[in-house]
Amino acid sequence: MQLRDRKTPRAKWHDYKGGEYFVTICTKARVHFFGEVYGGEMRMTSIGKMLKQEIEKTEKIRGGEVSIPLYVIMPNHVHLIVVVSCRDACDASLQGQGQEFGPQSKNLGSVIRGIKSAVTRFANENNIPFAWQSRYHDHIVRNQDEMNRIAEYIETNPIRWESDCFYR
C-alpha cells in the first residue's frame, strides 16, 4: 500500500530551531476528554489534569530551552504559547556540524510529540478511552502586538467557550 503524499503544514521560510509559537492541539473528533467549562471556568478530568502536569514540567524536561509561559486547557483542545530558544541549535549550525534542524529534543515538533505521547500513555495505562487529532496547528508569533492578542485570546477562552469554534 502506498502512502499518500501529505502536504506539510510547516512554513517553508522558517527552520523551527527557535521562536515563539501559538499552538492548538485538538482531541480526535473534538471529544470532550479534558473536562467541561462551567460558569467560565474549566473543570478538568483526570486526563485534563495529566495534560496540565505535562505542560508545566516541559521546561524542566527540555533543560530550559523550551518554555510554555501561557496555556489554556479546554474540553476538547489546548492552546499553548511555546517558546523555543535556539542556543544549542544555533550554535551547532553555526559551527557547521550539519544539524540542519538542531537537537531533536528541543524543537517544536518534539515538544508537542512529548506532551501528546505522555497524555496518551496515561490514558492507556488507566484504561481511559482517548485519542488526539493526528496533527496540530502552529502559528509563528511575529511581533509583540500579535503576542498580546494571542495572550488575551488564551486567557479569555473559557469565558467565551459557548461562542468558540471548537464548542459542540
# chains A, B, ... in the order shown; residues from 1 in each chain; ligands from 1

$ residues_around --residues "Leu51 in chain A" --least-positions-apart "2" --cutoff "12 Å" --atoms "only C-alpha atoms" --output "ChimeraX atom specification"
/A:25,27,33-35,44-49,53-58,71-80,112,114-123,132

$ write_last_selection --atoms "N, CA, C and O atoms" --output "short mmCIF file (atom, residue, chain, number, x, y, z; two decimals), in the first residue's frame"
data_model
loop_
_atom_site.label_atom_id
_atom_site.label_comp_id
_atom_site.auth_asym_id
_atom_site.auth_seq_id
_atom_site.Cartn_x
_atom_site.Cartn_y
_atom_site.Cartn_z
N ILE A 25 -3.83 22.15 19.86
CA ILE A 25 -3.89 20.71 19.69
C ILE A 25 -5.31 20.28 20.06
O ILE A 25 -5.80 20.62 21.14
N THR A 27 -8.45 17.19 20.35
CA THR A 27 -8.72 15.78 20.53
C THR A 27 -9.37 15.24 19.25
O THR A 27 -9.94 16.01 18.46
N PHE A 33 -12.59 15.26 26.21
CA PHE A 33 -11.82 14.39 27.09
C PHE A 33 -11.24 15.13 28.30
O PHE A 33 -10.97 14.52 29.32
N PHE A 34 -11.00 16.44 28.19
CA PHE A 34 -10.26 17.16 29.22
C PHE A 34 -11.13 17.74 30.33
O PHE A 34 -10.60 18.20 31.33
N GLY A 35 -12.42 17.78 30.15
CA GLY A 35 -13.31 18.33 31.17
C GLY A 35 -14.44 19.12 30.54
O GLY A 35 -14.74 18.96 29.36
N MET A 44 -11.48 20.10 35.13
CA MET A 44 -10.75 19.07 34.40
C MET A 44 -11.00 17.65 34.89
O MET A 44 -11.17 17.41 36.08
N THR A 45 -10.96 16.74 33.93
CA THR A 45 -10.97 15.31 34.21
C THR A 45 -9.55 14.89 34.57
O THR A 45 -8.62 15.71 34.55
N SER A 46 -9.36 13.62 34.85
CA SER A 46 -8.01 13.13 35.16
C SER A 46 -7.07 13.31 33.96
O SER A 46 -5.89 13.63 34.14
N ILE A 47 -7.58 13.15 32.75
CA ILE A 47 -6.73 13.37 31.56
C ILE A 47 -6.38 14.84 31.44
O ILE A 47 -5.25 15.19 31.10
N GLY A 48 -7.33 15.72 31.70
CA GLY A 48 -7.05 17.16 31.68
C GLY A 48 -5.98 17.54 32.69
O GLY A 48 -5.08 18.34 32.41
N LYS A 49 -6.07 16.94 33.88
CA LYS A 49 -5.06 17.21 34.92
C LYS A 49 -3.69 16.68 34.53
O LYS A 49 -2.67 17.31 34.79
N GLN A 53 -0.14 18.79 34.01
CA GLN A 53 1.15 18.41 34.58
C GLN A 53 2.23 18.34 33.52
O GLN A 53 3.36 18.81 33.73
N GLU A 54 1.92 17.75 32.38
CA GLU A 54 2.90 17.62 31.30
C GLU A 54 3.33 18.98 30.77
O GLU A 54 4.50 19.22 30.52
N ILE A 55 2.38 19.87 30.60
CA ILE A 55 2.69 21.22 30.13
C ILE A 55 3.60 21.92 31.13
O ILE A 55 4.61 22.52 30.75
N GLU A 56 3.27 21.81 32.40
CA GLU A 56 4.02 22.53 33.42
C GLU A 56 5.42 21.97 33.66
O GLU A 56 6.28 22.69 34.15
N LYS A 57 5.68 20.72 33.33
CA LYS A 57 7.04 20.20 33.52
C LYS A 57 7.87 20.20 32.24
O LYS A 57 9.02 19.78 32.26
N THR A 58 7.32 20.74 31.16
CA THR A 58 8.04 20.76 29.88
C THR A 58 9.38 21.49 29.98
O THR A 58 10.39 21.00 29.49
N TYR A 71 -0.94 29.01 28.69
CA TYR A 71 -1.73 27.97 28.03
C TYR A 71 -3.12 27.96 28.63
O TYR A 71 -3.37 28.52 29.69
N VAL A 72 -4.04 27.31 27.91
CA VAL A 72 -5.37 27.07 28.45
C VAL A 72 -5.82 25.71 27.94
O VAL A 72 -5.67 25.38 26.77
N ILE A 73 -6.32 24.91 28.87
CA ILE A 73 -6.88 23.61 28.53
C ILE A 73 -8.39 23.77 28.47
O ILE A 73 -9.01 24.25 29.42
N MET A 74 -8.95 23.39 27.34
CA MET A 74 -10.39 23.46 27.12
C MET A 74 -10.92 22.02 27.02
O MET A 74 -10.14 21.08 27.01
N PRO A 75 -12.24 21.82 26.95
CA PRO A 75 -12.77 20.47 26.94
C PRO A 75 -12.21 19.56 25.84
O PRO A 75 -11.98 18.37 26.07
N ASN A 76 -11.96 20.10 24.65
CA ASN A 76 -11.53 19.27 23.53
C ASN A 76 -10.29 19.78 22.79
O ASN A 76 -9.97 19.32 21.71
N HIS A 77 -9.61 20.72 23.39
CA HIS A 77 -8.38 21.24 22.79
C HIS A 77 -7.56 21.98 23.84
O HIS A 77 -8.03 22.25 24.93
N VAL A 78 -6.33 22.28 23.46
CA VAL A 78 -5.46 23.06 24.32
C VAL A 78 -4.77 24.10 23.45
O VAL A 78 -4.39 23.82 22.31
N HIS A 79 -4.67 25.32 23.96
CA HIS A 79 -3.91 26.39 23.31
C HIS A 79 -2.66 26.63 24.15
O HIS A 79 -2.73 26.70 25.38
N LEU A 80 -1.52 26.78 23.48
CA LEU A 80 -0.25 26.99 24.16
C LEU A 80 0.55 28.08 23.46
O LEU A 80 0.52 28.18 22.23
N ILE A 112 5.64 18.96 21.20
CA ILE A 112 4.24 18.56 21.02
C ILE A 112 4.12 17.04 21.07
O ILE A 112 3.23 16.50 21.74
N GLY A 114 6.03 14.96 22.64
CA GLY A 114 6.24 14.55 24.03
C GLY A 114 5.00 14.72 24.88
O GLY A 114 4.63 13.82 25.65
N ILE A 115 4.34 15.85 24.75
CA ILE A 115 3.12 16.11 25.51
C ILE A 115 2.03 15.13 25.10
O ILE A 115 1.38 14.49 25.94
N LYS A 116 1.83 15.00 23.78
CA LYS A 116 0.77 14.10 23.30
C LYS A 116 1.02 12.66 23.70
O LYS A 116 0.09 11.96 24.13
N SER A 117 2.25 12.20 23.60
CA SER A 117 2.52 10.79 23.93
C SER A 117 2.37 10.53 25.43
O SER A 117 1.87 9.48 25.82
N ALA A 118 2.78 11.47 26.28
CA ALA A 118 2.64 11.28 27.73
C ALA A 118 1.17 11.19 28.14
O ALA A 118 0.79 10.34 28.95
N VAL A 119 0.34 12.04 27.56
CA VAL A 119 -1.09 12.02 27.89
C VAL A 119 -1.74 10.73 27.36
O VAL A 119 -2.54 10.09 28.06
N THR A 120 -1.37 10.32 26.16
CA THR A 120 -1.90 9.07 25.59
C THR A 120 -1.49 7.87 26.44
O THR A 120 -2.30 6.98 26.72
N ARG A 121 -0.22 7.85 26.85
CA ARG A 121 0.27 6.75 27.70
C ARG A 121 -0.52 6.69 29.02
O ARG A 121 -0.94 5.61 29.45
N PHE A 122 -0.75 7.85 29.63
CA PHE A 122 -1.54 7.91 30.87
C PHE A 122 -2.93 7.33 30.65
O PHE A 122 -3.43 6.53 31.45
N ALA A 123 -3.59 7.73 29.57
CA ALA A 123 -4.93 7.22 29.27
C ALA A 123 -4.91 5.71 29.07
O ALA A 123 -5.76 4.99 29.62
N TRP A 132 -5.95 11.76 20.29
CA TRP A 132 -5.64 13.10 19.79
C TRP A 132 -5.98 13.17 18.30
O TRP A 132 -5.93 12.16 17.60
#

$ select_by_dssp --residues "range 30-154 of chain A" --states "strand (DSSP E)" --output "short mmCIF file (atom, residue, chain, number, x, y, z; two decimals) with N, CA, C and O atoms, in the first residue's frame"
data_model
loop_
_atom_site.label_atom_id
_atom_site.label_comp_id
_atom_site.auth_asym_id
_atom_site.auth_seq_id
_atom_site.Cartn_x
_atom_site.Cartn_y
_atom_site.Cartn_z
N GLY A 35 -12.42 17.78 30.15
CA GLY A 35 -13.31 18.33 31.17
C GLY A 35 -14.44 19.12 30.54
O GLY A 35 -14.74 18.96 29.36
N GLU A 36 -15.02 20.00 31.34
CA GLU A 36 -16.11 20.86 30.88
C GLU A 36 -15.95 22.25 31.46
O GLU A 36 -15.35 22.42 32.52
N VAL A 37 -16.51 23.22 30.77
CA VAL A 37 -16.49 24.61 31.24
C VAL A 37 -17.83 24.89 31.91
O VAL A 37 -18.89 24.66 31.33
N TYR A 38 -17.77 25.37 33.16
CA TYR A 38 -18.95 25.77 33.92
C TYR A 38 -18.74 27.18 34.42
O TYR A 38 -17.76 27.45 35.11
N GLU A 41 -15.33 28.72 33.90
CA GLU A 41 -14.15 28.05 34.49
C GLU A 41 -14.10 26.60 34.03
O GLU A 41 -15.11 25.92 33.98
N MET A 42 -12.90 26.15 33.74
CA MET A 42 -12.67 24.79 33.29
C MET A 42 -12.55 23.85 34.48
O MET A 42 -11.76 24.10 35.39
N ARG A 43 -13.33 22.79 34.47
CA ARG A 43 -13.23 21.72 35.48
C ARG A 43 -12.68 20.50 34.76
O ARG A 43 -13.33 19.94 33.88
N MET A 44 -11.48 20.10 35.13
CA MET A 44 -10.75 19.07 34.40
C MET A 44 -11.00 17.65 34.89
O MET A 44 -11.17 17.41 36.08
N VAL A 66 13.08 25.25 26.31
CA VAL A 66 11.70 25.38 25.88
C VAL A 66 10.88 25.84 27.08
O VAL A 66 11.07 25.34 28.18
N SER A 67 9.98 26.79 26.85
CA SER A 67 9.07 27.18 27.92
C SER A 67 7.66 27.33 27.35
O SER A 67 7.49 27.56 26.15
N ILE A 68 6.70 27.16 28.22
CA ILE A 68 5.30 27.37 27.86
C ILE A 68 4.76 28.37 28.88
O ILE A 68 4.22 27.99 29.92
N PRO A 69 4.93 29.66 28.59
CA PRO A 69 4.56 30.68 29.57
C PRO A 69 3.06 30.89 29.74
O PRO A 69 2.63 31.45 30.74
N LEU A 70 2.27 30.44 28.75
CA LEU A 70 0.83 30.64 28.84
C LEU A 70 0.13 29.52 28.09
O LEU A 70 0.57 29.12 27.01
N TYR A 71 -0.94 29.01 28.69
CA TYR A 71 -1.73 27.97 28.03
C TYR A 71 -3.12 27.96 28.63
O TYR A 71 -3.37 28.52 29.69
N VAL A 72 -4.04 27.31 27.91
CA VAL A 72 -5.37 27.07 28.45
C VAL A 72 -5.82 25.71 27.94
O VAL A 72 -5.67 25.38 26.77
N ILE A 73 -6.32 24.91 28.87
CA ILE A 73 -6.88 23.61 28.53
C ILE A 73 -8.39 23.77 28.47
O ILE A 73 -9.01 24.25 29.42
N HIS A 77 -9.61 20.72 23.39
CA HIS A 77 -8.38 21.24 22.79
C HIS A 77 -7.56 21.98 23.84
O HIS A 77 -8.03 22.25 24.93
N VAL A 78 -6.33 22.28 23.46
CA VAL A 78 -5.46 23.06 24.32
C VAL A 78 -4.77 24.10 23.45
O VAL A 78 -4.39 23.82 22.31
N HIS A 79 -4.67 25.32 23.96
CA HIS A 79 -3.91 26.39 23.31
C HIS A 79 -2.66 26.63 24.15
O HIS A 79 -2.73 26.70 25.38
N LEU A 80 -1.52 26.78 23.48
CA LEU A 80 -0.25 26.99 24.16
C LEU A 80 0.55 28.08 23.46
O LEU A 80 0.52 28.18 22.23
N ILE A 81 1.29 28.83 24.23
CA ILE A 81 2.37 29.63 23.67
C ILE A 81 3.63 28.85 24.02
O ILE A 81 3.90 28.60 25.20
N VAL A 82 4.36 28.43 23.01
CA VAL A 82 5.58 27.66 23.19
C VAL A 82 6.75 28.52 22.72
O VAL A 82 6.75 29.01 21.59
N VAL A 83 7.73 28.70 23.60
CA VAL A 83 8.92 29.48 23.27
C VAL A 83 10.10 28.51 23.22
O VAL A 83 10.40 27.83 24.21
N VAL A 84 10.72 28.43 22.05
CA VAL A 84 11.88 27.56 21.86
C VAL A 84 13.09 28.47 21.65
O VAL A 84 13.14 29.25 20.71
N HIS A 137 -1.98 22.57 15.09
CA HIS A 137 -1.84 23.83 14.35
C HIS A 137 -0.84 24.71 15.08
O HIS A 137 -0.92 24.86 16.30
N ASP A 138 0.11 25.26 14.33
CA ASP A 138 1.02 26.23 14.95
C ASP A 138 1.05 27.49 14.12
O ASP A 138 0.86 27.47 12.92
N HIS A 139 1.25 28.58 14.82
CA HIS A 139 1.37 29.90 14.20
C HIS A 139 2.63 30.55 14.76
O HIS A 139 2.79 30.61 15.99
N ILE A 140 3.51 30.98 13.91
CA ILE A 140 4.74 31.65 14.34
C ILE A 140 4.36 33.07 14.75
O ILE A 140 3.83 33.84 13.94
#

$ atom_distance --atom1 "CA of Asn148 in chain A" --atom2 "CA of Lys28 in chain A"
29.1 Å

$ closest_residue --among "A:Cys165, A:Ile154, A:Ile159, A:Ala131" --to "Val31 in chain A" --atoms "only C-alpha atoms"
A:Ala131
